[in-house]
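Chemist: What follows is upload-v3.cif, mmCIF, C-alpha atoms.
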data_model
loop_
_atom_site.label_atom_id
_atom_site.label_comp_id
_atom_site.auth_asym_id
_atom_site.auth_seq_id
_atom_site.Cartn_x
_atom_site.Cartn_y
_atom_site.Cartn_z
CA MET A 4 0.00 0.00 0.00
CA LEU A 5 2.77 2.44 0.93
CA ASN A 6 4.51 1.80 -2.40
CA ILE A 7 1.35 2.67 -4.34
CA TYR A 8 0.97 5.93 -2.41
CA LYS A 9 4.65 6.71 -3.04
CA GLU A 10 4.05 6.32 -6.77
CA LEU A 11 1.32 8.95 -6.37
CA GLY A 12 3.68 11.42 -4.72
CA ILE A 13 2.97 10.77 -1.02
CA LYS A 14 5.87 10.87 1.43
CA ASN A 15 6.35 8.23 4.13
CA GLU A 16 5.69 10.61 7.03
CA VAL A 17 2.42 11.85 5.51
CA PHE A 18 1.24 8.28 4.83
CA ASP A 19 2.16 7.07 8.33
CA TYR A 20 0.42 10.01 10.02
CA CYS A 21 -2.82 9.35 8.13
CA ASP A 22 -2.64 5.56 8.34
CA ASN A 23 -2.48 5.65 12.14
CA ILE A 24 -5.61 7.81 12.23
CA ILE A 25 -7.51 5.44 9.90
CA LYS A 26 -6.79 2.49 12.20
CA GLU A 27 -8.28 4.38 15.17
CA LEU A 28 -11.48 5.14 13.26
CA LYS A 29 -12.51 1.58 12.31
CA PRO A 30 -15.13 1.14 15.10
CA ARG A 31 -16.78 4.40 14.08
CA PHE A 32 -16.76 3.41 10.43
CA ASP A 33 -18.57 0.17 11.32
CA LYS A 34 -21.48 2.22 12.71
CA ILE A 35 -21.66 4.23 9.48
CA ASP A 36 -21.88 0.97 7.53
CA GLU A 37 -24.87 -0.02 9.69
CA LEU A 38 -26.55 3.30 8.88
CA ALA A 39 -25.90 2.73 5.17
CA GLU A 40 -27.55 -0.68 5.39
CA ILE A 41 -30.67 0.76 7.03
CA ASN A 42 -31.01 3.48 4.39
CA GLN A 43 -30.20 1.08 1.57
CA LEU A 44 -33.07 -1.16 2.64
CA LYS A 45 -35.35 1.88 2.89
CA VAL A 46 -34.61 2.73 -0.75
CA ILE A 47 -35.06 -0.86 -1.93
CA LYS A 48 -38.38 -1.13 -0.06
CA ALA A 49 -39.71 2.02 -1.78
CA MET A 50 -38.60 0.82 -5.21
CA GLN A 51 -40.18 -2.59 -4.75
CA LYS A 52 -43.40 -1.15 -3.34
CA ASN A 53 -43.85 1.04 -6.42
CA ASN A 54 -43.02 -1.73 -8.90
CA VAL A 55 -40.02 -0.07 -10.48
CA SER A 56 -39.56 -1.84 -13.81
CA GLU A 57 -37.36 -1.77 -16.88
CA ALA A 58 -39.98 0.42 -18.55
CA CYS A 59 -39.30 3.07 -15.89
CA MET A 60 -35.80 3.55 -17.31
CA LEU A 61 -36.86 4.45 -20.85
CA GLY A 62 -37.88 8.10 -20.55
CA THR A 63 -39.95 10.33 -22.80
CA THR A 64 -39.55 13.27 -25.18
CA GLY A 65 -41.70 16.25 -26.12
CA TYR A 66 -44.37 17.09 -23.59
CA GLY A 67 -43.60 14.06 -21.44
CA TYR A 68 -47.22 13.03 -20.99
CA ASN A 69 -47.73 9.71 -19.15
CA ASP A 70 -44.04 9.35 -18.30
CA ILE A 71 -44.24 6.20 -16.19
CA GLY A 72 -40.60 6.37 -15.09
CA ARG A 73 -40.81 9.99 -13.96
CA ASP A 74 -44.12 9.50 -12.14
CA THR A 75 -42.95 6.28 -10.46
CA LEU A 76 -39.71 7.92 -9.33
CA GLU A 77 -41.71 10.64 -7.63
CA LYS A 78 -43.73 8.01 -5.78
CA VAL A 79 -40.48 6.36 -4.70
CA TYR A 80 -39.15 9.64 -3.32
CA ALA A 81 -42.44 10.32 -1.52
CA ASP A 82 -42.23 6.89 0.14
CA ILE A 83 -38.58 7.29 1.16
CA PHE A 84 -39.27 10.71 2.67
CA HIS A 85 -42.70 9.69 4.02
CA THR A 86 -44.49 12.59 2.33
CA GLU A 87 -47.78 13.03 0.50
CA ASP A 88 -46.15 13.94 -2.81
CA ALA A 89 -42.84 14.66 -4.52
CA LEU A 90 -41.52 16.60 -7.49
CA VAL A 91 -38.29 15.10 -8.89
CA ARG A 92 -37.31 16.70 -12.16
CA ALA A 93 -34.43 17.15 -14.53
CA GLN A 94 -35.85 20.62 -15.22
CA ILE A 95 -34.80 21.70 -11.70
CA THR A 96 -31.30 22.91 -12.44
CA CYS A 97 -29.67 22.92 -8.98
CA GLY A 98 -30.30 23.11 -5.25
CA THR A 99 -30.75 26.87 -5.30
CA HIS A 100 -33.32 26.51 -8.09
CA ALA A 101 -35.21 23.87 -6.08
CA LEU A 102 -35.30 26.13 -3.03
CA ALA A 103 -36.30 29.19 -5.07
CA LEU A 104 -39.02 27.14 -6.74
CA ALA A 105 -40.41 25.96 -3.39
CA LEU A 106 -40.43 29.51 -2.02
CA MET A 107 -41.74 31.37 -5.06
CA SER A 108 -44.55 28.89 -5.63
CA ASN A 109 -45.84 28.94 -2.07
CA LEU A 110 -45.43 32.63 -1.18
CA ARG A 111 -47.68 35.45 -2.37
CA PRO A 112 -47.33 39.25 -2.30
CA GLY A 113 -47.77 40.44 1.28
CA ASP A 114 -46.45 37.19 2.80
CA GLU A 115 -43.32 37.06 4.92
CA LEU A 116 -40.47 34.54 4.91
CA LEU A 117 -38.68 33.87 8.20
CA SER A 118 -35.26 32.31 8.70
CA PRO A 119 -34.90 31.28 12.36
CA ALA A 120 -31.27 30.18 11.98
CA GLY A 121 -29.64 33.39 10.87
CA LYS A 122 -28.44 34.17 7.36
CA PRO A 123 -29.32 31.56 4.74
CA TYR A 124 -26.88 30.12 2.20
CA ASP A 125 -25.19 32.74 0.03
CA THR A 126 -27.00 31.95 -3.22
CA LEU A 127 -30.39 32.43 -1.52
CA GLU A 128 -29.59 36.05 -0.68
CA GLU A 129 -30.42 37.14 -4.23
CA VAL A 130 -33.46 34.85 -4.36
CA ILE A 131 -34.84 36.54 -1.24
CA GLY A 132 -33.64 40.04 -2.06
CA ILE A 133 -31.17 40.47 0.79
CA ARG A 134 -28.85 41.41 -2.05
CA ASP A 135 -30.79 43.18 -4.78
CA SER A 136 -31.45 40.96 -7.78
CA ARG A 137 -33.87 40.88 -10.67
CA GLY A 138 -36.90 38.69 -9.94
CA SER A 139 -36.27 38.33 -6.19
CA LEU A 140 -39.02 37.70 -3.64
CA LYS A 141 -38.53 41.28 -2.51
CA GLU A 142 -39.53 42.54 -5.99
CA TYR A 143 -42.82 40.66 -5.63
CA GLY A 144 -43.69 42.30 -2.32
CA ILE A 145 -42.64 39.37 -0.14
CA THR A 146 -40.85 40.50 3.00
CA TYR A 147 -38.08 38.72 4.85
CA ARG A 148 -37.08 38.49 8.47
CA GLN A 149 -34.36 36.51 10.20
CA VAL A 150 -33.49 35.64 13.78
CA ASP A 151 -29.79 35.21 14.39
CA LEU A 152 -28.47 32.35 16.45
CA LEU A 153 -27.44 32.88 20.05
CA ASN A 154 -23.74 33.18 20.87
CA ASN A 155 -23.65 29.47 21.70
CA LYS A 156 -25.13 28.74 18.21
CA ASP A 157 -28.48 27.57 19.65
CA PHE A 158 -31.78 28.79 18.26
CA ASP A 159 -33.06 32.01 19.84
CA TYR A 160 -36.51 30.68 20.66
CA GLU A 161 -37.63 33.89 22.34
CA GLY A 162 -36.54 35.90 19.32
CA ILE A 163 -38.30 33.46 16.97
CA LYS A 164 -41.51 33.76 18.93
CA GLU A 165 -41.37 37.56 18.66
CA ALA A 166 -40.59 37.43 14.92
CA ILE A 167 -43.55 35.25 13.93
CA ASN A 168 -46.56 37.39 13.01
CA GLU A 169 -49.76 37.29 10.96
CA LYS A 170 -47.76 37.71 7.72
CA THR A 171 -45.37 34.81 8.37
CA LYS A 172 -46.13 32.21 5.69
CA ILE A 173 -42.95 30.12 5.38
CA VAL A 174 -40.17 29.34 7.81
CA THR A 175 -37.00 28.19 6.03
CA ILE A 176 -34.50 26.02 7.91
CA GLN A 177 -31.09 25.27 6.45
CA ARG A 178 -29.90 21.90 7.70
CA SER A 179 -26.27 22.23 6.62
CA LYS A 180 -23.89 24.95 7.79
CA GLY A 181 -23.25 26.35 4.30
CA TYR A 182 -20.36 28.83 4.38
CA GLN A 183 -20.77 29.38 8.11
CA THR A 184 -18.92 28.00 11.09
CA ARG A 185 -22.04 26.95 12.98
CA PRO A 186 -22.94 23.31 13.55
CA SER A 187 -25.22 21.56 11.09
CA TYR A 188 -28.56 20.56 12.58
CA SER A 189 -29.71 17.07 13.41
CA VAL A 190 -33.12 15.89 12.31
CA ASP A 191 -34.24 15.90 15.95
CA GLN A 192 -33.11 19.52 16.41
CA ILE A 193 -35.02 20.49 13.28
CA GLY A 194 -38.07 18.65 14.60
CA GLU A 195 -37.95 20.55 17.90
CA LEU A 196 -37.74 23.86 16.04
CA ILE A 197 -40.66 22.95 13.76
CA SER A 198 -42.79 21.92 16.76
CA PHE A 199 -42.02 25.23 18.46
CA VAL A 200 -42.86 27.28 15.34
CA LYS A 201 -46.16 25.44 14.77
CA SER A 202 -47.14 25.84 18.44
CA ILE A 203 -47.08 29.60 17.79
CA LYS A 204 -48.65 29.60 14.30
CA SER A 205 -49.97 26.23 13.21
CA ASP A 206 -50.52 27.09 9.55
CA VAL A 207 -46.92 28.17 8.90
CA ILE A 208 -45.20 26.14 6.15
CA CYS A 209 -41.86 24.80 7.38
CA MET A 210 -39.37 24.21 4.57
CA VAL A 211 -36.03 22.48 5.14
CA ASP A 212 -33.04 22.94 2.86
CA ASN A 213 -31.89 19.32 3.01
CA CYS A 214 -28.83 19.70 0.77
CA TYR A 215 -25.90 17.52 1.93
CA GLY A 216 -28.04 15.88 4.63
CA GLU A 217 -29.90 13.05 2.89
CA PHE A 218 -29.15 9.56 4.29
CA THR A 219 -26.73 10.83 6.95
CA GLU A 220 -29.26 9.77 9.58
CA GLU A 221 -32.04 7.17 9.77
CA LYS A 222 -34.69 9.93 9.54
CA GLU A 223 -35.24 12.89 7.22
CA PRO A 224 -36.72 16.29 8.15
CA SER A 225 -40.05 15.26 6.64
CA ASP A 226 -40.26 12.60 9.37
CA VAL A 227 -40.33 15.31 12.04
CA GLY A 228 -42.87 17.75 10.64
CA ALA A 229 -41.25 19.53 7.68
CA ASP A 230 -43.93 20.51 5.13
CA MET A 231 -41.33 20.67 2.36
CA THR A 232 -37.94 18.96 2.19
CA VAL A 233 -35.83 20.25 -0.68
CA GLY A 234 -32.55 19.20 -2.27
CA SER A 235 -30.34 18.63 -5.30
CA LEU A 236 -29.75 15.42 -7.24
CA ILE A 237 -26.09 16.25 -7.86
CA LYS A 238 -25.61 16.02 -4.12
CA ASN A 239 -26.47 13.05 -1.88
CA PRO A 240 -29.58 11.46 -3.44
CA GLY A 241 -28.13 11.35 -6.96
CA GLY A 242 -25.41 8.99 -5.79
CA GLY A 243 -22.88 10.55 -8.17
CA LEU A 244 -24.77 9.29 -11.24
CA ALA A 245 -27.56 11.86 -11.63
CA PRO A 246 -26.20 14.43 -14.11
CA LEU A 247 -28.63 17.18 -12.99
CA GLY A 248 -31.95 17.70 -11.23
CA GLY A 249 -33.57 18.52 -7.93
CA TYR A 250 -36.45 17.44 -5.69
CA ILE A 251 -39.18 18.80 -3.46
CA CYS A 252 -40.92 16.31 -1.16
CA GLY A 253 -43.78 17.36 1.05
CA LYS A 254 -47.44 18.22 1.48
CA LYS A 255 -49.45 17.66 -1.68
CA GLU A 256 -50.56 21.27 -1.98
CA CYS A 257 -47.01 22.59 -1.58
CA VAL A 258 -45.64 20.18 -4.19
CA GLU A 259 -48.45 20.93 -6.64
CA ASN A 260 -47.82 24.67 -6.27
CA ALA A 261 -44.16 24.05 -7.09
CA ALA A 262 -45.10 21.97 -10.14
CA TYR A 263 -47.35 24.72 -11.50
CA ARG A 264 -44.55 27.23 -11.03
CA LEU A 265 -41.97 24.94 -12.66
CA THR A 266 -44.06 24.32 -15.77
CA SER A 267 -47.25 26.36 -16.17
CA PRO A 268 -50.61 26.95 -14.49
CA GLY A 269 -52.91 24.23 -15.74
CA LEU A 270 -50.07 21.86 -16.62
CA GLY A 271 -48.16 21.18 -13.40
CA LYS A 272 -46.74 17.69 -13.01
CA GLU A 273 -48.36 16.38 -16.21
CA VAL A 274 -45.57 17.69 -18.45
CA GLY A 275 -41.79 17.59 -18.35
CA ALA A 276 -40.04 15.00 -20.49
CA SER A 277 -37.37 12.96 -18.72
CA LEU A 278 -35.40 12.28 -21.93
CA THR A 279 -32.65 9.75 -21.10
CA VAL A 280 -31.79 10.52 -17.46
CA LEU A 281 -34.16 8.21 -15.58
CA ARG A 282 -31.75 5.28 -15.39
CA GLU A 283 -29.16 7.54 -13.73
CA PHE A 284 -31.79 8.95 -11.38
CA TYR A 285 -32.90 5.50 -10.24
CA GLN A 286 -29.46 3.92 -10.07
CA GLY A 287 -27.97 6.96 -8.36
CA LEU A 288 -30.72 6.89 -5.73
CA PHE A 289 -30.11 3.17 -5.24
CA LEU A 290 -26.39 3.74 -4.64
CA SER A 291 -26.84 6.89 -2.59
CA PRO A 292 -26.86 5.37 0.95
CA THR A 293 -23.47 3.69 0.43
CA VAL A 294 -22.03 6.70 -1.41
CA VAL A 295 -23.11 8.96 1.46
CA ALA A 296 -21.51 6.52 3.91
CA SER A 297 -18.19 6.91 2.06
CA ALA A 298 -18.51 10.69 2.23
CA LEU A 299 -19.27 10.54 5.96
CA LYS A 300 -16.20 8.42 6.61
CA GLY A 301 -14.12 10.87 4.61
CA ALA A 302 -15.45 13.84 6.59
CA ILE A 303 -14.62 12.12 9.90
CA PHE A 304 -11.16 11.22 8.62
CA ALA A 305 -10.54 14.83 7.53
CA ALA A 306 -11.67 16.18 10.93
CA ASN A 307 -9.27 13.90 12.75
CA VAL A 308 -6.35 14.62 10.42
CA TYR A 309 -6.63 18.39 10.72
CA GLU A 310 -7.79 18.69 14.34
CA LYS A 311 -4.71 16.79 15.49
CA LEU A 312 -2.60 19.40 13.68
CA GLY A 313 -4.24 22.18 15.70
CA PHE A 314 -6.75 23.49 13.16
CA SER A 315 -10.32 24.32 14.14
CA VAL A 316 -12.75 21.85 12.57
CA ILE A 317 -16.56 21.76 12.52
CA PRO A 318 -17.85 19.19 13.35
CA ASN A 319 -14.96 18.19 15.59
CA SER A 320 -13.30 14.78 15.43
CA THR A 321 -15.78 13.05 17.76
CA GLU A 322 -19.14 14.73 17.11
CA GLU A 323 -22.11 13.04 15.47
CA ARG A 324 -22.66 13.88 11.80
CA HIS A 325 -25.81 15.39 10.28
CA ASP A 326 -24.47 16.20 6.82
CA ILE A 327 -21.43 15.33 4.69
CA ILE A 328 -19.66 18.70 5.01
CA GLN A 329 -16.45 19.13 6.97
CA ALA A 330 -15.27 22.67 7.69
CA VAL A 331 -11.58 23.31 8.37
CA THR A 332 -10.50 26.81 9.41
CA PHE A 333 -6.93 27.71 8.40
CA ASN A 334 -6.79 31.42 9.31
CA ASP A 335 -4.38 31.64 6.40
CA ARG A 336 -5.09 32.26 2.71
CA GLU A 337 -2.14 30.20 1.42
CA LYS A 338 -3.01 27.17 3.55
CA MET A 339 -6.60 27.25 2.31
CA ILE A 340 -5.49 27.43 -1.32
CA ALA A 341 -2.91 24.64 -0.81
CA PHE A 342 -5.62 22.40 0.68
CA CYS A 343 -7.82 22.92 -2.39
CA GLU A 344 -4.88 22.29 -4.71
CA GLY A 345 -4.29 18.97 -2.97
CA ILE A 346 -7.93 17.93 -3.34
CA GLN A 347 -7.90 18.88 -7.03
CA SER A 348 -4.71 16.87 -7.63
CA ALA A 349 -6.43 13.75 -6.24
CA SER A 350 -9.31 14.02 -8.71
CA PRO A 351 -9.91 11.49 -11.50
CA VAL A 352 -10.80 14.33 -13.87
CA ASP A 353 -8.71 17.51 -14.32
CA SER A 354 -6.15 16.43 -11.74
CA PHE A 355 -3.58 18.57 -13.57
CA VAL A 356 -5.63 21.77 -13.13
CA ARG A 357 -4.78 24.35 -10.44
CA PRO A 358 -7.94 25.81 -8.82
CA GLU A 359 -8.09 29.60 -8.85
CA PRO A 360 -10.36 31.90 -6.79
CA TRP A 361 -12.99 33.65 -8.93
CA ALA A 362 -16.13 35.77 -8.70
CA MET A 363 -18.63 32.93 -8.89
CA PRO A 364 -22.27 33.86 -9.72
CA GLY A 365 -24.50 34.08 -6.64
CA TYR A 366 -21.70 34.85 -4.17
CA ASP A 367 -20.51 38.21 -2.82
CA SER A 368 -16.79 37.33 -2.65
CA ASP A 369 -14.23 35.34 -4.63
CA VAL A 370 -14.68 31.59 -4.16
CA ILE A 371 -12.16 28.82 -4.69
CA MET A 372 -13.46 25.43 -5.77
CA ALA A 373 -11.62 22.15 -6.14
CA ALA A 374 -13.71 19.62 -8.01
CA GLY A 375 -12.36 17.36 -10.72
CA ASN A 376 -15.60 15.45 -11.13
CA PHE A 377 -17.45 13.31 -13.63
CA ILE A 378 -20.53 15.51 -13.17
CA SER A 379 -19.74 19.23 -13.27
CA GLY A 380 -20.39 20.81 -9.87
CA SER A 381 -21.37 17.53 -8.25
CA SER A 382 -20.61 17.95 -4.56
CA ILE A 383 -21.36 14.34 -3.67
CA GLU A 384 -18.13 13.71 -5.54
CA LEU A 385 -14.84 14.67 -3.89
CA SER A 386 -14.77 18.46 -3.69
CA ALA A 387 -13.75 21.39 -1.53
CA ASP A 388 -14.63 25.06 -1.70
CA GLY A 389 -14.99 28.25 0.25
CA PRO A 390 -14.98 32.05 0.04
CA LEU A 391 -11.53 33.67 0.10
CA ILE A 392 -12.28 35.79 3.16
CA GLU A 393 -11.22 35.56 6.79
CA PRO A 394 -11.07 33.23 8.65
CA PHE A 395 -10.23 31.27 5.46
CA SER A 396 -12.41 28.25 6.14
CA VAL A 397 -12.63 25.51 3.53
CA TYR A 398 -15.67 23.24 3.21
CA PHE A 399 -14.80 19.70 2.20
CA GLN A 400 -17.42 17.19 1.12
CA GLY A 401 -18.22 14.16 -0.97
CA GLY A 402 -16.39 11.17 -2.35
CA LEU A 403 -18.04 8.34 -4.23
CA THR A 404 -15.75 5.78 -2.58
CA PHE A 405 -13.87 5.95 0.69
CA PRO A 406 -10.49 5.04 -0.89
CA HIS A 407 -10.83 8.12 -3.08
CA VAL A 408 -11.80 10.40 -0.17
CA LYS A 409 -8.88 9.03 1.83
CA PHE A 410 -6.52 9.75 -1.07
CA GLY A 411 -7.92 13.27 -1.40
CA ILE A 412 -7.28 14.12 2.24
CA ILE A 413 -3.80 12.63 2.10
CA LYS A 414 -3.04 14.69 -1.01
CA SER A 415 -4.32 17.85 0.69
CA LEU A 416 -2.00 17.17 3.60
CA GLU A 417 0.89 16.49 1.22
CA ALA A 418 0.29 19.84 -0.51
CA LEU A 419 0.51 21.70 2.80
CA TYR A 420 3.53 19.66 3.91
CA ASP A 421 5.46 20.20 0.67
CA LYS A 422 5.02 23.97 0.94
CA GLY A 423 6.26 23.99 4.53
CA LEU A 424 2.85 25.19 5.80
CA ILE A 425 2.53 22.38 8.38
CA LYS A 426 4.81 20.11 10.40
CA LEU A 427 4.10 16.46 11.20
#
Please render this file's structure as structure tokens.

Modeler:
Amino acid sequence: MLNIYKELGIKNEVFDYCDNIIKELKPRFDKIDELAEINQLKVIKAMQKNNVSEACMLGTTGYGYNDIGRDTLEKVYADIFHTEDALVRAQITCGTHALALALMSNLRPGDELLSPAGKPYDTLEEVIGIRDSRGSLKEYGITYRQVDLLNNKDFDYEGIKEAINEKTKIVTIQRSKGYQTRPSYSVDQIGELISFVKSIKSDVICMVDNCYGEFTEEKEPSDVGADMTVGSLIKNPGGGLAPLGGYICGKKECVENAAYRLTSPGLGKEVGASLTVLREFYQGLFLSPTVVASALKGAIFAANVYEKLGFSVIPNSTEERHDIIQAVTFNDREKMIAFCEGIQSASPVDSFVRPEPWAMPGYDSDVIMAAGNFISGSSIELSADGPLIEPFSVYFQGGLTFPHVKFGIIKSLEALYDKGLIKL
């Protein structure tokens, strides 16, 4: 094994440091494998219940009327997430689009959107109108309010209670930390927040941004009261095979509203050809629990590698995981860039490319992204990114197989070591 790593440019001291950590993590990895088995069986059960067949893989063109594969896939998602309905479409371009679709279809002029967990993910700022943008919710007369977290990163329940009013229509809860250094939320924490919100105003729609969280626990937010659970197929549930797409699972009325907004009033879910992507959607979903397990192992490995070197990591090396993202704070621009260069050099695609910070659409600062992936932008594949601003935190996620995630982390460490930015 050491000889193979040497051929890939890894020094003995880097390999030994990481190998010792891997050996210590085996009991924890066994528990992740048990979680993967539970979620794998959940997916198989839903597929069998809905009689997924070879015909479901064929797809449609044109209007997409009577697309059996598309319609069956949505029933499968609804069963996995235990919801009344689901919208799973190739026409949903990304996670931000899925979230914008859920919000814009279920809010009306005069309504108010509330975020009880502080600032939402960067790309939603222009959707909401926090940063001015053409077509934002703000332009349509929809107001926004947020309640920041307490200093200890807990929800400010008193502040949330005061913020909810007669105009509050949707409460949006971001499960993952995004580009923040707060913890990601467990399904149980989300459930407690939803129960609290609905005890104050029972008809509020609670929407959860589930990106990066699917299959990291036995339950999903829809199991604890979320009216809409929203995500991207080029993250966890696509299993690395889905080339595009997004989903909204939830109450029938909420999902139907989203369908009418996605296509057209009067058409809704009846149209939307699936073309040739259904096989990847089904097979990616089937593989997703084990792919997510690999990503979880990689995140835990990364936390241990960098925490032992004195870097701040969220979650820390021993905490339970509620998404696949691992944040590492370098407090140094060059260290952050070197980390991303190491991840890129471990990629199967574009390993020879050097990632450069750039003004990425939807963000208010330069962002560096390392992602040599089979699917462009797929963050269930090995990737790392972050805004080039203090405290220079990088957000590492994904990995279709654990050996690849392991190699990526080792390469990131090698990049820092070679430049004299760390000592082992």

Chemist: Would you write out, as number ranges by chain, every residue that the PyMOL selection byres ((chain A and resi 35) around 9) captures in this file?

Modeler: A: 31-34, 36-40, 219, 296-297, 299-300

Chemist: Could you write those residues out with C-alpha atoms, as an mmCIF file, in the frame of the given file?

Modeler:
data_model
loop_
_atom_site.group_PDB
_atom_site.id
_atom_site.type_symbol
_atom_site.label_atom_id
_atom_site.label_comp_id
_atom_site.auth_asym_id
_atom_site.auth_seq_id
_atom_site.Cartn_x
_atom_site.Cartn_y
_atom_site.Cartn_z
ATOM 1 C CA ARG A 31 -16.780 4.400 14.080
ATOM 2 C CA PHE A 32 -16.760 3.410 10.430
ATOM 3 C CA ASP A 33 -18.570 0.170 11.320
ATOM 4 C CA LYS A 34 -21.480 2.220 12.710
ATOM 5 C CA ASP A 36 -21.880 0.970 7.530
ATOM 6 C CA GLU A 37 -24.870 -0.020 9.690
ATOM 7 C CA LEU A 38 -26.550 3.300 8.880
ATOM 8 C CA ALA A 39 -25.900 2.730 5.170
ATOM 9 C CA GLU A 40 -27.550 -0.680 5.390
ATOM 10 C CA THR A 219 -26.730 10.830 6.950
ATOM 11 C CA ALA A 296 -21.510 6.520 3.910
ATOM 12 C CA SER A 297 -18.190 6.910 2.060
ATOM 13 C CA LEU A 299 -19.270 10.540 5.960
ATOM 14 C CA LYS A 300 -16.200 8.420 6.610
#

Chemist: So what do you get for atom CA of Asp22 of chain A versus atom CA of Val316 of chain A, distance-wise?

Modeler: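 Distance reported for this atom pair: 19.6 Å.
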
Chemist: What is the distance between atom CA of Leu104 of chain A and atom CA of Asp135 of chain A, in Å to one decimal?

Modeler: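 It comes out at 18.1 Å.
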
Chemist: May I ask for the distance between atom CA of Cys343 of chain A and atom CA of Gly313 of chain A, given in Å to one decimal place?

Modeler: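 According to the coordinates, atom CA of Cys343 of chain A and atom CA of Gly313 of chain A are separated by 18.5 Å.
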
Chemist: How would you write, as a list in words, the residues chosen by the PyMOL selection byres ((chain A and resi 156) around 10) on this structure?

Modeler: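 Listing what the PyMOL selection byres ((chain A and resi 156) around 10) selects in the shown file: Ala120, Gly121, Asp151, Leu152, Leu153, Asn154, Asn155, Asp157, Phe158, Asp159, Thr184, Arg185 and Pro186 of chain A.
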
Chemist: I'd like to know which of A:Lys426, A:Arg137, A:Arg73, A:His407 is closest to Ser56 of chain A, using all atoms listed in the file.

Modeler: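 Using all atoms listed in the file, Ser56 of chain A sits closest to A:Arg73.
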
Chemist: Any idea what's packed within 9 Å of Ala349 of chain A, counting all atoms listed in the file, ignoring anything in its chain fewer than 4 positions away? Could you give it as a CSV table (one decimal) with C-alpha atoms, keeping the file's coordinate frame?

Modeler:
chain,number,residue,atom,x,y,z
A,344,GLU,CA,-4.9,22.3,-4.7
A,345,GLY,CA,-4.3,19.0,-3.0
A,354,SER,CA,-6.2,16.4,-11.7
A,375,GLY,CA,-12.4,17.4,-10.7
A,385,LEU,CA,-14.8,14.7,-3.9
A,407,HIS,CA,-10.8,8.1,-3.1
A,408,VAL,CA,-11.8,10.4,-0.2
A,410,PHE,CA,-6.5,9.8,-1.1
A,411,GLY,CA,-7.9,13.3,-1.4
A,412,ILE,CA,-7.3,14.1,2.2
A,413,ILE,CA,-3.8,12.6,2.1
A,414,LYS,CA,-3.0,14.7,-1.0
A,415,SER,CA,-4.3,17.8,0.7

Chemist: What are the closest atom pairs, with distances in Å to one decimal, for each residue of segment 226-284 of chain A lying within 10 Å of segment 95-98 of chain A, using all atoms listed in the file, rows by chain and rising residue number, as JSON lines?

Modeler:
{"residue": "A:Val233", "atom": "CA", "partner": "A:Gly98", "partner_atom": "CA", "distance": 7.7}
{"residue": "A:Gly234", "atom": "CA", "partner": "A:Gly98", "partner_atom": "CA", "distance": 5.4}
{"residue": "A:Ser235", "atom": "CA", "partner": "A:Gly98", "partner_atom": "CA", "distance": 4.5}
{"residue": "A:Leu236", "atom": "CA", "partner": "A:Cys97", "partner_atom": "CA", "distance": 7.7}
{"residue": "A:Ile237", "atom": "CA", "partner": "A:Cys97", "partner_atom": "CA", "distance": 7.7}
{"residue": "A:Lys238", "atom": "CA", "partner": "A:Gly98", "partner_atom": "CA", "distance": 8.6}
{"residue": "A:Leu247", "atom": "CA", "partner": "A:Thr96", "partner_atom": "CA", "distance": 6.3}
{"residue": "A:Gly248", "atom": "CA", "partner": "A:Ile95", "partner_atom": "CA", "distance": 4.9}
{"residue": "A:Gly249", "atom": "CA", "partner": "A:Ile95", "partner_atom": "CA", "distance": 5.1}
{"residue": "A:Tyr250", "atom": "CA", "partner": "A:Ile95", "partner_atom": "CA", "distance": 7.5}
{"residue": "A:Ile251", "atom": "CA", "partner": "A:Ile95", "partner_atom": "CA", "distance": 9.8}
{"residue": "A:Leu265", "atom": "CA", "partner": "A:Ile95", "partner_atom": "CA", "distance": 7.9}
